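Have a look at run18.txt; it's compact mmCIF, C-alpha atoms:
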```
# COMPACT_ATOMS: atom_id res chain seq x y z
CA MET A 1 112.08 93.19 76.93
CA ALA A 2 114.55 92.70 79.73
CA GLU A 3 117.64 90.54 79.45
CA TYR A 4 118.79 88.25 82.23
CA ARG A 5 121.89 86.10 82.70
CA LEU A 6 122.11 82.73 84.35
CA ASP A 7 125.60 81.56 85.27
CA CYS A 8 125.76 77.78 84.99
CA LEU A 9 129.51 77.59 84.38
CA GLY A 10 131.08 74.68 86.20
CA GLU A 11 127.73 73.02 86.72
CA ALA A 12 126.96 69.50 85.54
CA CYS A 13 123.75 67.97 84.24
CA PRO A 14 120.98 68.19 85.08
CA VAL A 15 121.56 71.32 87.20
CA PRO A 16 121.75 73.81 84.25
CA LEU A 17 118.44 72.55 82.86
CA LEU A 18 116.68 72.66 86.26
CA LYS A 19 117.98 76.18 86.93
CA THR A 20 116.94 77.33 83.45
CA GLN A 21 113.43 75.94 83.91
CA LYS A 22 113.09 77.69 87.26
CA GLU A 23 114.46 80.99 85.91
CA MET A 24 112.24 80.99 82.82
CA GLU A 25 109.16 80.87 85.06
CA LYS A 26 110.07 84.28 86.49
CA LEU A 27 110.46 85.93 83.07
CA LYS A 28 107.78 87.93 81.32
CA VAL A 29 106.81 87.34 77.70
CA GLY A 30 109.41 89.00 75.45
CA ASP A 31 112.21 88.73 78.00
CA VAL A 32 115.43 86.95 77.12
CA LEU A 33 117.46 84.64 79.33
CA ILE A 34 121.12 84.05 78.51
CA VAL A 35 122.29 80.77 80.01
CA GLU A 36 126.06 80.39 80.32
CA ILE A 37 127.06 76.75 80.01
CA ASP A 38 130.31 74.79 79.82
CA HIS A 39 128.94 71.27 80.08
CA SER A 40 128.39 69.73 76.65
CA CYS A 41 125.41 67.57 77.64
CA ALA A 42 123.59 70.68 78.89
CA MET A 43 124.10 71.96 75.35
CA LYS A 44 121.79 69.17 74.27
CA ASN A 45 119.07 69.24 76.92
CA VAL A 46 118.70 72.99 77.60
CA PRO A 47 118.02 74.05 73.97
CA GLU A 48 115.94 70.91 73.42
CA TRP A 49 113.68 71.70 76.37
CA ALA A 50 113.35 75.38 75.38
CA ARG A 51 112.44 74.52 71.78
CA ASN A 52 109.87 72.00 73.02
CA MET A 53 108.34 74.80 75.10
CA GLY A 54 108.04 76.81 71.89
CA TYR A 55 110.62 79.45 72.88
CA ASN A 56 113.06 81.02 70.45
CA VAL A 57 116.53 79.59 71.01
CA GLU A 58 119.93 80.67 69.76
CA ILE A 59 123.28 79.22 70.68
CA GLU A 60 126.61 80.97 70.56
CA GLU A 61 129.95 79.28 71.17
CA VAL A 62 131.78 82.00 73.07
CA ASP A 63 134.94 80.03 73.84
CA ASP A 64 136.34 76.51 73.59
CA GLY A 65 133.79 74.34 75.36
CA GLN A 66 131.74 77.32 76.52
CA TRP A 67 128.40 78.47 75.21
CA GLU A 68 125.68 81.05 75.68
CA VAL A 69 122.16 79.89 75.05
CA TYR A 70 119.73 82.72 74.30
CA ILE A 71 116.17 81.84 75.16
CA GLU A 72 113.36 84.24 74.37
CA LYS A 73 110.14 83.70 76.26
CA THR A 74 107.54 83.87 73.51
CA LYS A 75 104.44 82.98 75.46
CA MET B 1 135.79 76.42 52.80
CA LYS B 2 137.52 75.90 56.10
CA LEU B 3 137.56 72.33 57.40
CA GLN B 4 135.81 73.47 60.56
CA GLU B 5 132.87 74.73 58.51
CA HIS B 6 132.40 71.58 56.45
CA PRO B 7 129.01 70.00 57.24
CA PHE B 8 130.56 66.55 57.75
CA PHE B 9 133.13 67.93 60.19
CA LYS B 10 130.35 69.64 62.12
CA LYS B 11 128.16 66.55 62.17
CA ILE B 12 130.84 63.98 63.03
CA ILE B 13 133.49 65.84 65.02
CA LYS B 14 131.76 68.86 66.53
CA ASP B 15 128.18 68.00 67.40
CA ALA B 16 127.11 65.29 69.82
CA TRP B 17 126.02 62.08 68.14
CA SER B 18 122.43 60.97 68.56
CA TYR B 19 121.52 58.45 71.26
CA TRP B 20 120.65 55.97 68.50
CA THR B 21 124.09 56.25 66.88
CA GLY B 22 125.74 55.81 70.26
CA ALA B 23 123.58 52.84 71.21
CA ILE B 24 124.21 50.97 67.96
CA LEU B 25 127.96 51.61 68.09
CA LEU B 26 128.14 50.49 71.72
CA ALA B 27 126.24 47.29 70.90
CA VAL B 28 128.39 46.45 67.85
CA LEU B 29 131.66 47.20 69.66
CA ASN B 30 130.61 45.18 72.71
CA VAL B 31 129.81 42.18 70.48
CA ALA B 32 133.19 42.59 68.76
CA LEU B 33 135.01 42.81 72.11
CA PHE B 34 133.21 39.70 73.35
CA ALA B 35 134.02 37.79 70.14
CA PHE B 36 137.72 38.69 70.35
CA SER B 37 138.40 38.48 74.08
CA GLY B 38 135.68 36.18 75.45
CA HIS B 39 134.65 38.88 77.95
CA PRO B 40 131.96 41.51 77.52
CA TRP B 41 132.88 45.11 78.30
CA GLY B 42 133.43 46.19 81.91
CA ILE B 43 135.01 49.24 83.47
CA THR B 44 135.17 49.23 87.24
CA THR B 45 136.75 45.81 87.80
CA PRO B 46 140.05 46.96 86.23
CA PHE B 47 139.85 50.06 88.45
CA SER B 48 139.83 47.76 91.47
CA TYR B 49 143.05 46.28 90.04
CA TRP B 50 144.57 49.75 89.65
CA GLY B 51 143.89 50.36 93.32
CA ALA B 52 145.30 46.96 94.29
CA TRP B 53 148.45 47.44 92.18
CA VAL B 54 149.10 50.80 93.83
CA PHE B 55 148.47 49.29 97.27
CA LYS B 56 150.81 46.41 96.44
CA ALA B 57 153.52 48.77 95.18
CA LEU B 58 153.31 50.59 98.50
CA GLY B 59 153.95 47.34 100.34
CA GLY B 60 150.37 46.15 100.94
CA GLN B 61 149.19 42.59 100.50
CA PRO B 62 145.91 42.67 98.57
CA GLU B 63 146.46 39.00 97.53
CA ASN B 64 145.20 38.05 100.99
CA TRP B 65 141.85 39.80 100.52
CA VAL B 66 138.71 37.74 99.90
CA TYR B 67 138.13 39.68 96.66
CA PHE B 68 141.43 38.45 95.22
CA GLN B 69 140.74 34.79 96.06
CA ASN B 70 138.58 34.76 92.92
CA PRO B 71 140.85 33.16 90.23
CA SER B 72 140.42 35.85 87.56
CA HIS B 73 141.03 38.67 90.09
CA ALA B 74 144.06 36.77 91.45
CA LYS B 75 145.46 36.44 87.94
CA ALA B 76 145.03 40.17 87.35
CA LEU B 77 147.11 40.95 90.44
CA GLU B 78 150.12 39.43 88.68
CA GLN B 79 149.59 41.71 85.66
CA ASN B 80 150.06 45.45 85.39
CA ILE B 81 148.34 48.50 83.95
CA PHE B 82 149.65 47.77 80.41
CA THR B 83 149.25 43.98 80.36
CA ASN B 84 145.71 43.63 81.73
CA ALA B 85 143.16 43.84 78.89
CA GLY B 86 140.49 45.70 80.88
CA SER B 87 143.06 48.16 82.11
CA ILE B 88 144.17 48.95 78.54
CA GLN B 89 140.50 49.44 77.60
CA ASN B 90 140.10 51.96 80.43
CA ILE B 91 143.17 53.88 79.26
CA GLY B 92 141.54 53.82 75.81
CA ILE B 93 138.35 55.37 77.18
CA ILE B 94 140.25 58.21 78.84
CA LEU B 95 142.47 58.89 75.79
CA GLY B 96 139.51 58.54 73.40
CA ALA B 97 137.41 61.01 75.37
CA LEU B 98 140.33 63.45 75.44
CA LEU B 99 140.83 63.06 71.68
CA ALA B 100 137.13 63.62 70.98
CA THR B 101 136.95 66.79 73.06
CA LEU B 102 140.20 68.12 71.58
CA LEU B 103 139.04 67.48 68.00
CA ALA B 104 135.79 69.34 68.74
CA SER B 105 137.84 72.15 70.39
CA GLN B 106 135.76 71.78 73.52
CA PHE B 107 138.50 70.96 75.99
CA LYS B 108 138.14 73.10 79.07
CA ILE B 109 139.32 72.89 82.63
CA LYS B 110 136.23 73.77 84.58
CA LYS B 111 136.23 75.74 87.75
CA ILE B 112 134.91 74.32 90.96
CA LYS B 113 131.90 76.42 91.77
CA SER B 114 131.29 75.52 95.38
CA TYR B 115 132.55 73.28 98.16
CA LYS B 116 129.25 71.37 97.81
CA GLN B 117 130.41 70.08 94.41
CA VAL B 118 133.59 68.71 95.99
CA ILE B 119 131.69 66.93 98.75
CA ALA B 120 129.15 65.54 96.30
CA ALA B 121 131.85 64.36 93.88
CA VAL B 122 133.89 62.62 96.61
CA LEU B 123 130.84 61.05 98.27
CA GLY B 124 129.36 60.07 94.91
CA GLY B 125 132.62 58.54 93.75
CA LEU B 126 133.00 56.50 96.92
CA LEU B 127 129.39 55.28 96.76
CA MET B 128 129.67 54.36 93.08
CA GLY B 129 132.96 52.54 93.60
CA TYR B 130 131.70 50.65 96.64
CA GLY B 131 128.37 49.90 94.96
CA ALA B 132 130.04 48.64 91.79
CA ARG B 133 132.09 46.17 93.85
CA ILE B 134 129.25 44.71 95.90
CA ALA B 135 127.02 44.58 92.79
CA PHE B 136 129.82 42.83 90.82
CA GLY B 137 129.93 45.56 88.24
CA CYS B 138 128.95 49.07 87.23
CA ASN B 139 126.45 50.36 84.68
CA ILE B 140 128.63 48.88 81.94
CA GLY B 141 129.85 45.55 83.31
CA ALA B 142 126.73 44.58 85.26
CA TYR B 143 123.94 46.48 83.52
CA PHE B 144 124.86 46.96 79.86
CA SER B 145 126.88 43.76 79.40
CA GLY B 146 124.57 41.83 81.75
CA ILE B 147 121.44 42.56 79.73
CA ALA B 148 123.34 41.98 76.47
CA SER B 149 124.33 38.54 77.82
CA MET B 150 120.65 37.71 78.47
CA SER B 151 121.37 37.57 82.19
CA LEU B 152 118.70 38.41 84.75
CA HIS B 153 121.21 40.27 86.93
CA GLY B 154 121.35 43.15 84.44
CA TRP B 155 117.60 43.73 84.81
CA VAL B 156 117.78 43.53 88.62
CA TRP B 157 120.60 46.06 88.45
CA ALA B 158 118.37 48.32 86.28
CA ALA B 159 115.48 48.20 88.76
CA PHE B 160 117.72 49.26 91.65
CA ALA B 161 119.49 51.89 89.53
CA LEU B 162 116.07 53.46 88.92
CA ILE B 163 115.42 53.63 92.67
CA GLY B 164 118.90 55.06 93.21
CA ALA B 165 118.46 57.64 90.47
CA TRP B 166 115.14 58.72 91.97
CA ILE B 167 116.72 59.23 95.42
CA GLY B 168 119.73 60.91 93.79
CA SER B 169 117.58 63.39 91.89
CA LYS B 170 115.71 64.33 95.10
CA LEU B 171 119.05 64.97 96.85
CA LEU B 172 120.29 66.95 93.86
CA VAL B 173 117.30 69.27 93.88
CA LYS B 174 117.59 69.66 97.65
CA TYR B 175 121.30 70.54 97.73
CA PHE B 176 122.07 72.05 94.33
CA MET B 177 119.09 74.18 93.43
```
Can you present the structure in this file as structure tokens?
Amino acid sequence: MAEYRLDCLGEACPVPLLKTQKEMEKLKVGDVLIVEIDHSCAMKNVPEWARNMGYNVEIEEVDDGQWEVYIEKTK
Amino acid sequence: MKLQEHPFFKKIIKDAWSYWTGAILLAVLNVALFAFSGHPWGITTPFSYWGAWVFKALGGQPENWVYFQNPSHAKALEQNIFTNAGSIQNIGIILGALLATLLASQFKIKKIKSYKQVIAAVLGGLLMGYGARIAFGCNIGAYFSGIASMSLHGWVWAAFALIGAWIGSKLLVKYFM
């Protein structure tokens, strides 16, 4: 049940999504990845991809134009 | 209930609109612009005027360039940033984008993460600007407005944009991952 962080601040699409996909591969089932994003279009494609994979996703707006996407690897 | 928590505020101001909503609005607005002004929407041509006006103000003579022998470009040289229609539209895009991000409270000055981003942004900007000139338009003027005008050039543009995007994505994975 480990928690990992992925710093994608200052990174534009599609880099956050590609990095998230790569990082999720390394996680074990039950682990959580927190992706830090400040690019609004990554706010669309990162959660969308994770939900399509069947992972649990939660989004928190931590600051103006800055978000943390919690992705739990469920399988 | 606070305004920020109202479902309509969230849907219209805060969240991104769907691709469908955007596509329909773009199509309707482009038709309206064409009906009123006689020109479909374009973005980069007025930018070439911005550059030429600056160059002219500094004492250059862009009126001698081949590009400005074209009558509509030559006419634009006599105008300025607030009298050229395309130029006003571009100011509208910048102000509109700023307004949208401020209303959604998502305005943020982003940090530059690495020198690679600077190189990529400068190189990418130069390539896009140069490409838009030799292709007689960008993804709006040549592609979007071209296809909407039933012109073949928009489709040719699309085919080459696909090739470019494929090469670009390979470079992106190579240098940014």
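Note that the spacing between atom CA of A:Ile34 and atom CA of A:Val69 amounts to 5.5 Å.
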Output the contact residues of chain B with respect to chain A at a cut-off of 12 Å, based on only C-alpha atoms, as a VMD selection string.
-> chain B and resid 14 to 19 101 to 114 116 to 118 120 to 121 168 to 177
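Excluding A:Ala2 itself and any same-chain residue fewer than 3 positions from it, the protein and nucleic acid residues within 9 Å of it, counting only C-alpha atoms, are A:Leu27, A:Lys28, A:Gly30, A:Asp31, A:Val32, A:Leu33.
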Within 8 Å of A:Ile59, counting all atoms listed in the file, which residues qualify if same-chain residues fewer than 3 places away don't, as a ChimeraX atom specification?
-> /A:67-70
Name the residues in contact with A:Val57 at a cut-off of 7 Å, using all atoms listed in the file, excluding same-chain residues fewer than 3 positions from it; report them as a PyMOL selection string.
-> chain A and resi 47+50-51+69-72
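When all atoms listed in the file are used to compute distances to B:Thr45, the closest of the residues B:Ile93, B:Ala85, B:Met150, B:Ala159 turns out to be B:Ala85.
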Please, what distance in Å, to one decimal, runs between atom CA of A:Glu36 and atom CA of B:Trp20?
-> 27.7 Å
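Atom CA of B:Val31 to atom CA of B:Ala148 spans 8.8 Å [interatomic distance, one decimal].
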Please provide the set of residues having any atom within 10 Å of B:Asn90, restricted to all atoms listed in the file, with same-chain residues fewer than 4 positions apart removed, written as a JSON list (two decimals) with C-alpha atoms, in the frame of the given file.
```json
[["chain", "number", "residue", "atom", "x", "y", "z"],
["B", 42, "GLY", "CA", 133.43, 46.19, 81.91],
["B", 43, "ILE", "CA", 135.01, 49.24, 83.47],
["B", 44, "THR", "CA", 135.17, 49.23, 87.24],
["B", 46, "PRO", "CA", 140.05, 46.96, 86.23],
["B", 47, "PHE", "CA", 139.85, 50.06, 88.45],
["B", 81, "ILE", "CA", 148.34, 48.50, 83.95],
["B", 85, "ALA", "CA", 143.16, 43.84, 78.89],
["B", 86, "GLY", "CA", 140.49, 45.70, 80.88],
["B", 94, "ILE", "CA", 140.25, 58.21, 78.84],
["B", 95, "LEU", "CA", 142.47, 58.89, 75.79],
["B", 96, "GLY", "CA", 139.51, 58.54, 73.40]]
```
Using all atoms of stretch 134-151 of chain B that appear in the file, construct an axis-aligned enclosing box with 6 Å of padding on every side and provide its centre coordinates and edge lengths in Å, rounded to one decimal, as AutoDock Vina command-line options.
```
--center_x 125.3 --center_y 44.0 --center_z 86.2 --size_x 21.3 --size_y 24.8 --size_z 31.4
```
Could you add whatever atoms are missing so that stretch 26-41 of chain A carries N, CA and C atoms, then write the result as a PDB file, in the coordinates of the input?
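Saved as selection.pdb:
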```pdb
ATOM      1  N   LYS A  26     110.126  82.924  85.946  1.00  0.00           N
ATOM      2  CA  LYS A  26     110.070  84.280  86.490  1.00  0.00           C
ATOM      3  C   LYS A  26     109.988  85.340  85.395  1.00  0.00           C
ATOM      4  N   LEU A  27     110.414  84.947  84.146  1.00  0.00           N
ATOM      5  CA  LEU A  27     110.460  85.930  83.070  1.00  0.00           C
ATOM      6  C   LEU A  27     109.087  86.298  82.539  1.00  0.00           C
ATOM      7  N   LYS A  28     109.004  87.520  81.996  1.00  0.00           N
ATOM      8  CA  LYS A  28     107.780  87.930  81.320  1.00  0.00           C
ATOM      9  C   LYS A  28     107.912  87.631  79.830  1.00  0.00           C
ATOM     10  N   VAL A  29     106.783  87.584  79.151  1.00  0.00           N
ATOM     11  CA  VAL A  29     106.810  87.340  77.700  1.00  0.00           C
ATOM     12  C   VAL A  29     107.634  88.444  77.025  1.00  0.00           C
ATOM     13  N   GLY A  30     108.552  88.023  76.129  1.00  0.00           N
ATOM     14  CA  GLY A  30     109.410  89.000  75.450  1.00  0.00           C
ATOM     15  C   GLY A  30     110.781  89.119  76.075  1.00  0.00           C
ATOM     16  N   ASP A  31     110.916  88.683  77.327  1.00  0.00           N
ATOM     17  CA  ASP A  31     112.210  88.730  78.000  1.00  0.00           C
ATOM     18  C   ASP A  31     113.138  87.644  77.451  1.00  0.00           C
ATOM     19  N   VAL A  32     114.444  87.909  77.606  1.00  0.00           N
ATOM     20  CA  VAL A  32     115.430  86.950  77.120  1.00  0.00           C
ATOM     21  C   VAL A  32     116.312  86.495  78.280  1.00  0.00           C
ATOM     22  N   LEU A  33     116.546  85.187  78.333  1.00  0.00           N
ATOM     23  CA  LEU A  33     117.460  84.640  79.330  1.00  0.00           C
ATOM     24  C   LEU A  33     118.699  84.116  78.616  1.00  0.00           C
ATOM     25  N   ILE A  34     119.864  84.547  79.090  1.00  0.00           N
ATOM     26  CA  ILE A  34     121.120  84.050  78.510  1.00  0.00           C
ATOM     27  C   ILE A  34     121.729  83.072  79.501  1.00  0.00           C
ATOM     28  N   VAL A  35     121.751  81.797  79.116  1.00  0.00           N
ATOM     29  CA  VAL A  35     122.290  80.770  80.010  1.00  0.00           C
ATOM     30  C   VAL A  35     123.735  80.484  79.620  1.00  0.00           C
ATOM     31  N   GLU A  36     124.635  80.669  80.571  1.00  0.00           N
ATOM     32  CA  GLU A  36     126.060  80.390  80.320  1.00  0.00           C
ATOM     33  C   GLU A  36     126.368  78.963  80.743  1.00  0.00           C
ATOM     34  N   ILE A  37     126.881  78.179  79.797  1.00  0.00           N
ATOM     35  CA  ILE A  37     127.060  76.750  80.010  1.00  0.00           C
ATOM     36  C   ILE A  37     128.464  76.320  79.592  1.00  0.00           C
ATOM     37  N   ASP A  38     129.075  75.393  80.329  1.00  0.00           N
ATOM     38  CA  ASP A  38     130.310  74.790  79.820  1.00  0.00           C
ATOM     39  C   ASP A  38     130.279  73.267  79.972  1.00  0.00           C
ATOM     40  N   HIS A  39     129.099  72.717  79.944  1.00  0.00           N
ATOM     41  CA  HIS A  39     128.940  71.270  80.080  1.00  0.00           C
ATOM     42  C   HIS A  39     128.230  70.811  78.813  1.00  0.00           C
ATOM     43  N   SER A  40     128.911  69.979  78.000  1.00  0.00           N
ATOM     44  CA  SER A  40     128.390  69.730  76.650  1.00  0.00           C
ATOM     45  C   SER A  40     127.033  69.024  76.654  1.00  0.00           C
ATOM     46  N   CYS A  41     126.719  68.249  77.688  1.00  0.00           N
ATOM     47  CA  CYS A  41     125.410  67.570  77.640  1.00  0.00           C
ATOM     48  C   CYS A  41     124.279  68.547  77.957  1.00  0.00           C
TER      49      CYS A  41
END
```
